[in-house]
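Trainee: One structure follows; several queries about it will come next.
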Amino acid sequence: MNPGKMLAAILSLSVVLGMFVMTGRSAAQVAPAPGTEPAKVEAPAASAAEAKKPDPGAAPAQFTQGLLEQIGGAKVAMDTMWTLIAGVLVFFMNLGFASVESGLCRAKNTVTIMAKNFIVFAASSVAFLVLGWGLMFGDGNSFFGTQGLWFVGGADNSPAMGDAYKGVYSSINWTGVPLWTKFFFQLVFAGTAATIVSGAVAERIRFGAFYIFSFLMVGLIYPITGHWIWGGGWAAKLGMFDFAGSTVVHSVGGWAALAGAIALGPRIGKYSKDGKVLPLPGHSIALATLGVFVLWFGWFGFNPGSTMAADAGAIGRIAVATNTAAAAAAIAASITAWLLLGKPDLTMILNGALAGLVAITAPCAFVSVPSSLVIGLIAGVLVVLSVLFFDKIKVDDPVGAISVHLVCGVFGTLSVGLFAQDVFTPNTTGNGLFFGGGAGLLMAQFAGVAGVGLFVFVVSLIFWKILASTMGIRVSSEEEIEGLDIGEHGNIAYPDFVSMATRGSSLMSSSVAAEATSAVRARELSKGTI
Amino acid sequence: MKMVEAIVKPFKLDEVKEALTKAGVQGMTVEEVKGFGRQKGHTELYRGAEYSVDFLPKVKIQIIVPDDKAATVVQAITDAARTGKIGDGKIFVSTVEEVIRIRTGEKGPDAI
C-alpha cells in the first residue's frame, strides 16, 4: 500500500478517534444508572401491599424473595421469557455459521461443512448436559466445578438469587431465572464456541475427528475456561470481566481453531512451492452473506440476552452497542480492503461485521455507544490485516475464523480494560484506562486472556495430536481433491452440477471463482505440485 | 459430411441458434466452455491472494452438415456471432467419417 493511502487511513482513524474523545465523555455523563427502573415497577406493589405513600427519599427497593412473592413472580416470568428468547436467537446462529462456512468453501465440501455445523450442536447439547454445565458453573475450586457435575443434577433453588440461593451453582445465582433457563442459555453459548472451530479446519478435516473433538471441546475445554471467568474461578477473582464471551466463547473457539489449523496443515493447492498464496474461492457468496446476516441477527440474543434479565435499562443500550460495533467494523473492513487490496472484497466486509460483533461481545454492557463505534472500527481494520497475516505465515483458515474469533475476541476482551465506564454496570468493572480507572482492569483482562489462551491452545493441540495419531484427522489427498462430501458422507451437495473435481474442464456455468479454481489447478497440475 | 464447431460469446447463443435454424440446420449440441485466444486476461485478488482471470466463458456449438451446406452454415454463424470486438470466437470445420441415428440405425447423410 503506498504512503498516500496509508496517510489517508491514519487520518481517517484519527478523525474518528478525535470525535470519540469529544463526544464519548459527554455521552457517558448522561447515561442512566441502571437499577432505578426495577424500583419503578416494584415500589407501587410494595406500597399497595403496605397501604403507605412511597417515601420519595427512600433507596430503590432491592429484589428479594419477599418481593418476588409480592409481585407474583412477574419479574421472574419476564426475565425468563427474555432469556429464553435470546437463547433461541443464539441457537439460530448455528444456521449462520453453517451458511458462512459453506458459502466461503468449495461446492464439493458443502455437505461435510453443513454436517459439521449440524452435528456440533447436537454434540454440544449432550456434552454440556452430561458434564459441561457442572464443570463450568458448579461450586468447586478456582479451576473447575466439583459439585453438581452430572446432568445438571446438583441441588438448586433457582430462581432464588444472591444470599437466598442455596444450591451448588452459586456462580450463576446473580440471575433470577429458573435452572433450565440458565442451562439452555448457557448451552447455546457453548455450542457457538464449538462451531467456530469448524471453519478453520474446513475442507480437509475428517468428519469423525471433528465429531470427537466437539465432545472434548464442550465437555472439557470450554467449561473449564468458562469456570475461570463466569464460574467464579481465578480470572473472575482477579477482576476480569467478559460480559457475553469475547474470551469465554470466541477466543476459546478461536484458539482451538488455530490449534486445529496448525495440526492439520494447509489445504492442497493453497500455498505454492515458491511461497505464493493461491485463492480457493468460496462457491456461494450469496450463502455466506445470508449467514452473516443471520449471525448479526442472532447476536441480538447473544449480547443483550447475557443480562439474563429483562433489564429495560440495559438491553436496549447493549443491543445498540452491538449493532454499532458491527456496522462500524463492516465499514472499517470495507475501507481497509479497498485501500489494501484495491477492491472492496465482500468476503472481507462480511468478516469485518463479524469481527465487530465478536469484539463488542465482552464490553457491550460496560461501554458507551460511542465507545462501541470505536471498538468496531478497530476490529474491522484488525480482521482484514489478520486474514492477510495468517496466510503470510501459512496457517490456512478458509473462512477467517481465527481472525474473526481469536484475534478480535482477544481485542474485545482487552478493550473492556480500555473503554469500560462504571456508570453503565456500576460496581463491576469500574472505569477502564481511557476513563480514569488506571490499568488495573486492563491487567486483569490481560491475565485472563493469556491464561485462557495458553490452556486452550495447548490442550486443543494435544487433543488434535492424539486424534491424529489414533484415528487420523486429515483426509487423504485423493479425497481432498475429489471433495469430502463423497469421501466422508457419500453425499453430493449439488448432484445436478458437474463438479470441478471430477471433470478436468468446466461444464458448470462459469464464474470468476470457477475460473480461478480451474486456472490454479491447471497450473498446479502441470507443475506437478498436486 | 462436415462437423462445424463454433466457439462464440455466450450471449450470442440465441442469435446463432436462430440463424442456424433459418439456414436449415435441424439439430445441434451446445457446451459451456472456457477459453482465450490472443485476448489477454487480468489478475484479481481473493482475500489478498492473487489469481489470473485468463479463461473467459464461451459457448461451443457443434453441428453436423452435408458437405454442400458447410459454407452457408459457416457464414450464418459468422454473421450472427460477430460483434466486432475482441473475443468473438472461432469456427472449426472438419470432416466426419460416419454419422448414425441411434433410434433407427440410419447412417450417412440420412442420419443428419
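We label chains A, B, ... in the order they appear in the C-alpha cells, count residues from 1 in each chain, and number ligands from 1 in the order shown.
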Which residues, written as a PyMOL selection string, have at least one atom at most 10 Å from stretch 74-82 of chain B, with only C-alpha atoms counted and residues fewer than 6 positions away on the same chain left out?
Mentor: chain B and resi 4-23+61+88-93
Trainee: Applying 12 Å and only C-alpha atoms, which residues near stretch 329-336 of chain A remain after dropping the ones on its own chain fewer than 6 positions away? List them as a ChimeraX atom specification.
Mentor: /A:1,5-6,8-10,12-13,16,292-293,296,322-323,342-360,372-388,404,408 /B:47-48
Trainee: Grab the residues selected above and save them as a compact mmCIF listing (two decimals), in the first residue's frame with N, CA and C atoms.
Mentor:
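Wrote selection.txt, looks like this:
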# COMPACT_ATOMS: atom_id res chain seq x y z
N MET A 1 0.87 -1.20 0.00
CA MET A 1 0.00 0.00 0.00
C MET A 1 0.89 1.24 0.00
N LYS A 5 -1.98 6.29 0.54
CA LYS A 5 -3.16 5.58 1.06
C LYS A 5 -3.05 5.35 2.55
N MET A 6 -1.81 5.07 3.00
CA MET A 6 -1.60 4.83 4.42
C MET A 6 -1.92 6.10 5.20
N ALA A 8 -3.96 8.45 4.30
CA ALA A 8 -5.41 8.65 4.30
C ALA A 8 -6.06 7.80 5.38
N ALA A 9 -5.60 6.56 5.51
CA ALA A 9 -6.18 5.67 6.51
C ALA A 9 -5.91 6.18 7.92
N ILE A 10 -4.67 6.62 8.17
CA ILE A 10 -4.32 7.11 9.51
C ILE A 10 -5.13 8.36 9.83
N SER A 12 -8.09 9.26 8.65
CA SER A 12 -9.49 8.95 8.92
C SER A 12 -9.66 8.39 10.31
N LEU A 13 -8.77 7.51 10.70
CA LEU A 13 -8.87 6.89 12.02
C LEU A 13 -8.69 7.94 13.10
N VAL A 16 -11.82 10.02 13.55
CA VAL A 16 -12.85 9.30 14.28
C VAL A 16 -12.52 9.21 15.76
N VAL A 292 -23.99 -14.32 7.41
CA VAL A 292 -23.55 -13.22 8.27
C VAL A 292 -24.74 -12.42 8.77
N PHE A 293 -25.74 -12.24 7.91
CA PHE A 293 -26.96 -11.56 8.37
C PHE A 293 -27.60 -12.34 9.52
N TRP A 296 -25.53 -11.79 12.67
CA TRP A 296 -25.77 -10.45 13.19
C TRP A 296 -27.11 -10.43 13.94
N THR A 322 -24.01 -3.33 20.33
CA THR A 322 -23.71 -4.48 19.47
C THR A 322 -23.83 -4.10 18.01
N ASN A 323 -24.94 -3.48 17.66
CA ASN A 323 -25.17 -3.12 16.27
C ASN A 323 -24.15 -2.10 15.77
N GLY A 342 -7.34 -3.02 -3.24
CA GLY A 342 -7.77 -2.40 -4.49
C GLY A 342 -9.27 -2.42 -4.71
N LYS A 343 -9.96 -3.45 -4.19
CA LYS A 343 -11.41 -3.51 -4.36
C LYS A 343 -12.03 -3.94 -3.04
N PRO A 344 -13.29 -3.54 -2.78
CA PRO A 344 -13.94 -3.92 -1.52
C PRO A 344 -14.42 -5.37 -1.57
N ASP A 345 -13.52 -6.29 -1.28
CA ASP A 345 -13.81 -7.73 -1.29
C ASP A 345 -14.93 -8.02 -0.29
N LEU A 346 -16.05 -8.52 -0.78
CA LEU A 346 -17.20 -8.72 0.12
C LEU A 346 -16.89 -9.71 1.23
N THR A 347 -16.08 -10.72 0.93
CA THR A 347 -15.78 -11.69 1.98
C THR A 347 -15.05 -11.03 3.14
N MET A 348 -14.26 -10.01 2.85
CA MET A 348 -13.58 -9.27 3.91
C MET A 348 -14.58 -8.39 4.68
N ILE A 349 -15.53 -7.82 3.97
CA ILE A 349 -16.52 -6.98 4.64
C ILE A 349 -17.37 -7.84 5.58
N LEU A 350 -17.74 -9.02 5.10
CA LEU A 350 -18.51 -9.93 5.94
C LEU A 350 -17.73 -10.29 7.20
N ASN A 351 -16.46 -10.65 7.01
CA ASN A 351 -15.60 -10.92 8.17
C ASN A 351 -15.55 -9.70 9.08
N GLY A 352 -15.56 -8.52 8.45
CA GLY A 352 -15.49 -7.29 9.24
C GLY A 352 -16.66 -7.15 10.20
N ALA A 353 -17.86 -7.34 9.69
CA ALA A 353 -19.04 -7.22 10.56
C ALA A 353 -18.93 -8.20 11.73
N LEU A 354 -18.54 -9.43 11.41
CA LEU A 354 -18.41 -10.43 12.48
C LEU A 354 -17.34 -10.03 13.48
N ALA A 355 -16.26 -9.45 12.98
CA ALA A 355 -15.18 -9.02 13.87
C ALA A 355 -15.69 -8.01 14.88
N GLY A 356 -16.50 -7.06 14.40
CA GLY A 356 -17.06 -6.06 15.30
C GLY A 356 -17.96 -6.69 16.34
N LEU A 357 -18.76 -7.66 15.89
CA LEU A 357 -19.66 -8.33 16.81
C LEU A 357 -18.89 -9.09 17.88
N VAL A 358 -17.84 -9.79 17.46
CA VAL A 358 -17.03 -10.52 18.43
C VAL A 358 -16.35 -9.57 19.40
N ALA A 359 -15.83 -8.48 18.87
CA ALA A 359 -15.07 -7.55 19.72
C ALA A 359 -15.96 -6.88 20.75
N ILE A 360 -17.20 -6.58 20.42
CA ILE A 360 -18.08 -5.87 21.35
C ILE A 360 -18.70 -6.83 22.37
N SER A 372 -18.45 1.85 21.53
CA SER A 372 -18.66 0.65 20.71
C SER A 372 -18.35 0.95 19.25
N LEU A 373 -18.59 2.20 18.84
CA LEU A 373 -18.25 2.58 17.47
C LEU A 373 -16.75 2.47 17.25
N VAL A 374 -15.98 2.98 18.19
CA VAL A 374 -14.53 2.93 18.05
C VAL A 374 -14.03 1.49 18.10
N ILE A 375 -14.58 0.71 19.03
CA ILE A 375 -14.18 -0.69 19.13
C ILE A 375 -14.44 -1.40 17.80
N GLY A 376 -15.60 -1.13 17.22
CA GLY A 376 -15.92 -1.74 15.94
C GLY A 376 -14.96 -1.31 14.84
N LEU A 377 -14.66 -0.03 14.78
CA LEU A 377 -13.74 0.46 13.75
C LEU A 377 -12.40 -0.26 13.83
N ILE A 378 -11.89 -0.37 15.04
CA ILE A 378 -10.59 -1.03 15.21
C ILE A 378 -10.68 -2.50 14.80
N ALA A 379 -11.74 -3.16 15.24
CA ALA A 379 -11.89 -4.58 14.91
C ALA A 379 -11.96 -4.80 13.40
N GLY A 380 -12.64 -3.90 12.72
CA GLY A 380 -12.77 -4.03 11.27
C GLY A 380 -11.43 -3.95 10.55
N VAL A 381 -10.58 -3.07 11.02
CA VAL A 381 -9.24 -2.97 10.42
C VAL A 381 -8.42 -4.20 10.79
N LEU A 382 -8.51 -4.57 12.07
CA LEU A 382 -7.73 -5.69 12.60
C LEU A 382 -8.00 -6.99 11.85
N VAL A 383 -9.26 -7.25 11.55
CA VAL A 383 -9.60 -8.56 10.97
C VAL A 383 -9.03 -8.69 9.56
N VAL A 384 -9.08 -7.61 8.79
CA VAL A 384 -8.54 -7.67 7.42
C VAL A 384 -7.04 -7.93 7.47
N LEU A 385 -6.35 -7.17 8.33
CA LEU A 385 -4.90 -7.37 8.47
C LEU A 385 -4.59 -8.79 8.94
N SER A 386 -5.43 -9.29 9.83
CA SER A 386 -5.20 -10.62 10.39
C SER A 386 -5.37 -11.71 9.34
N VAL A 387 -6.38 -11.59 8.50
CA VAL A 387 -6.57 -12.59 7.44
C VAL A 387 -5.33 -12.65 6.56
N LEU A 388 -4.83 -11.49 6.19
CA LEU A 388 -3.63 -11.46 5.35
C LEU A 388 -2.43 -12.02 6.11
N VAL A 404 -11.40 -13.63 12.93
CA VAL A 404 -12.61 -13.04 13.50
C VAL A 404 -12.72 -13.35 14.99
N CYS A 408 -10.04 -10.92 17.25
CA CYS A 408 -10.97 -9.88 17.71
C CYS A 408 -11.59 -10.23 19.05
N ARG B 47 -9.41 -12.28 -1.15
CA ARG B 47 -8.87 -12.27 0.21
C ARG B 47 -7.35 -12.13 0.20
N GLY B 48 -6.87 -11.30 -0.69
CA GLY B 48 -5.45 -10.99 -0.71
C GLY B 48 -4.61 -11.94 -1.55
Trainee: Counting only C-alpha atoms, figure out which residue out of A:Met161, A:Ala74, A:Val416, A:Ala321 gets nearest to A:Gln445.
Mentor: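 Smallest separation from A:Gln445 among the options: A:Val416.
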Trainee: Quick one: residues within 12 Å of B:Pro66, only C-alpha atoms counted, chain neighbours fewer than 3 positions away excluded, as a list in words?
Mentor: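 The residues that qualify are Met1, Lys2, Met3, Val4, Gly24, Val25, Gln26, Ile63, Lys69, Ala70, Ala71, Thr72, Val73, Val93, Ser94, Thr95, Val96, Glu97, Glu98, Val99, Gly108, Pro109, Asp110, Ala111 and Ile112 of chain B.
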Trainee: Keeping N, CA and C atoms, export the residues of the selection given above as a JSON list (two decimals), in the first residue's frame.
Mentor:
[["chain", "number", "residue", "atom", "x", "y", "z"],
["B", 1, "MET", "N", -19.65, -35.46, -45.16],
["B", 1, "MET", "CA", -20.31, -34.72, -44.09],
["B", 1, "MET", "C", -19.26, -33.95, -43.30],
["B", 2, "LYS", "N", -19.64, -32.79, -42.85],
["B", 2, "LYS", "CA", -18.68, -31.95, -42.14],
["B", 2, "LYS", "C", -19.18, -31.70, -40.72],
["B", 3, "MET", "N", -18.21, -31.62, -39.77],
["B", 3, "MET", "CA", -18.54, -31.14, -38.42],
["B", 3, "MET", "C", -18.13, -29.69, -38.34],
["B", 4, "VAL", "N", -19.07, -28.84, -37.97],
["B", 4, "VAL", "CA", -18.77, -27.43, -37.79],
["B", 4, "VAL", "C", -18.84, -27.14, -36.30],
["B", 24, "GLY", "N", -31.52, -23.98, -42.08],
["B", 24, "GLY", "CA", -31.95, -25.34, -42.35],
["B", 24, "GLY", "C", -31.30, -26.40, -41.47],
["B", 25, "VAL", "N", -30.52, -25.98, -40.50],
["B", 25, "VAL", "CA", -29.89, -26.97, -39.61],
["B", 25, "VAL", "C", -30.95, -27.51, -38.65],
["B", 26, "GLN", "N", -30.94, -28.84, -38.45],
["B", 26, "GLN", "CA", -32.03, -29.43, -37.68],
["B", 26, "GLN", "C", -31.66, -29.84, -36.27],
["B", 63, "ILE", "N", -22.32, -28.76, -34.82],
["B", 63, "ILE", "CA", -23.36, -29.26, -35.73],
["B", 63, "ILE", "C", -22.71, -30.11, -36.82],
["B", 69, "LYS", "N", -23.49, -27.89, -47.58],
["B", 69, "LYS", "CA", -24.08, -26.86, -46.74],
["B", 69, "LYS", "C", -23.06, -26.15, -45.85],
["B", 70, "ALA", "N", -21.85, -26.69, -45.79],
["B", 70, "ALA", "CA", -20.88, -26.20, -44.79],
["B", 70, "ALA", "C", -20.63, -24.70, -44.93],
["B", 71, "ALA", "N", -20.42, -24.24, -46.17],
["B", 71, "ALA", "CA", -20.08, -22.83, -46.35],
["B", 71, "ALA", "C", -21.21, -21.91, -45.90],
["B", 72, "THR", "N", -22.46, -22.28, -46.23],
["B", 72, "THR", "CA", -23.61, -21.45, -45.84],
["B", 72, "THR", "C", -23.71, -21.34, -44.33],
["B", 73, "VAL", "N", -23.52, -22.48, -43.71],
["B", 73, "VAL", "CA", -23.66, -22.53, -42.25],
["B", 73, "VAL", "C", -22.57, -21.70, -41.59],
["B", 93, "VAL", "N", -13.91, -26.34, -39.02],
["B", 93, "VAL", "CA", -14.65, -27.28, -39.87],
["B", 93, "VAL", "C", -13.77, -28.50, -40.07],
["B", 94, "SER", "N", -14.34, -29.67, -39.80],
["B", 94, "SER", "CA", -13.58, -30.90, -40.02],
["B", 94, "SER", "C", -14.47, -31.93, -40.71],
["B", 95, "THR", "N", -13.84, -32.95, -41.21],
["B", 95, "THR", "CA", -14.61, -33.98, -41.92],
["B", 95, "THR", "C", -15.05, -35.04, -40.94],
["B", 96, "VAL", "N", -16.28, -35.49, -41.11],
["B", 96, "VAL", "CA", -16.81, -36.54, -40.24],
["B", 96, "VAL", "C", -16.87, -37.84, -41.01],
["B", 97, "GLU", "N", -16.41, -38.91, -40.42],
["B", 97, "GLU", "CA", -16.35, -40.19, -41.08],
["B", 97, "GLU", "C", -17.71, -40.87, -41.21],
["B", 98, "GLU", "N", -18.46, -40.86, -40.12],
["B", 98, "GLU", "CA", -19.72, -41.59, -40.11],
["B", 98, "GLU", "C", -20.67, -40.91, -39.14],
["B", 99, "VAL", "N", -21.96, -40.95, -39.52],
["B", 99, "VAL", "CA", -22.99, -40.45, -38.62],
["B", 99, "VAL", "C", -24.06, -41.52, -38.49],
["B", 108, "GLY", "N", -25.05, -42.22, -42.46],
["B", 108, "GLY", "CA", -24.71, -41.28, -43.54],
["B", 108, "GLY", "C", -25.56, -40.02, -43.47],
["B", 109, "PRO", "N", -25.66, -39.31, -44.62],
["B", 109, "PRO", "CA", -26.38, -38.04, -44.67],
["B", 109, "PRO", "C", -27.83, -38.16, -44.20],
["B", 110, "ASP", "N", -28.44, -39.34, -44.35],
["B", 110, "ASP", "CA", -29.82, -39.51, -43.86],
["B", 110, "ASP", "C", -29.91, -39.40, -42.35],
["B", 111, "ALA", "N", -28.81, -39.63, -41.70],
["B", 111, "ALA", "CA", -28.85, -39.61, -40.23],
["B", 111, "ALA", "C", -28.66, -38.21, -39.68],
["B", 112, "ILE", "N", -28.32, -37.24, -40.54],
["B", 112, "ILE", "CA", -28.08, -35.88, -40.04],
["B", 112, "ILE", "C", -29.41, -35.25, -39.62]]
Trainee: Please, which residues of chain B lie no more than 6 Å from chain A when the count uses only C-alpha atoms, and can they be set out as a ChimeraX atom specification?
Mentor: /B:32,46,49,57
Trainee: Could you write out that same residue set with C-alpha atoms as an mmCIF file, in the first residue's frame?
Mentor:
data_model
loop_
_atom_site.group_PDB
_atom_site.id
_atom_site.type_symbol
_atom_site.label_atom_id
_atom_site.label_comp_id
_atom_site.auth_asym_id
_atom_site.auth_seq_id
_atom_site.Cartn_x
_atom_site.Cartn_y
_atom_site.Cartn_z
ATOM 1 C CA GLU B 32 -20.342 -24.237 -21.863
ATOM 2 C CA TYR B 46 -9.486 -13.011 -3.457
ATOM 3 C CA ALA B 49 -4.432 -13.968 -2.847
ATOM 4 C CA PRO B 57 -16.688 -18.110 -20.549
#
Trainee: What does the distance from atom CA of A:Arg204 to atom CA of A:Val100 come to in Å, to one decimal?
Mentor: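 So the two atoms, atom CA of A:Arg204 and atom CA of A:Val100, lie 17.1 Å apart.
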Trainee: Report as number ranges by chain all protein, DNA and RNA residues lying within 10 Å of stretch 133-138 of chain A, evaluated on only C-alpha atoms, omitting residues in the same chain fewer than 2 positions from it.
Mentor: A: 127-131, 140-141, 143-154, 167-173, 182-184, 186-187, 190, 218-233
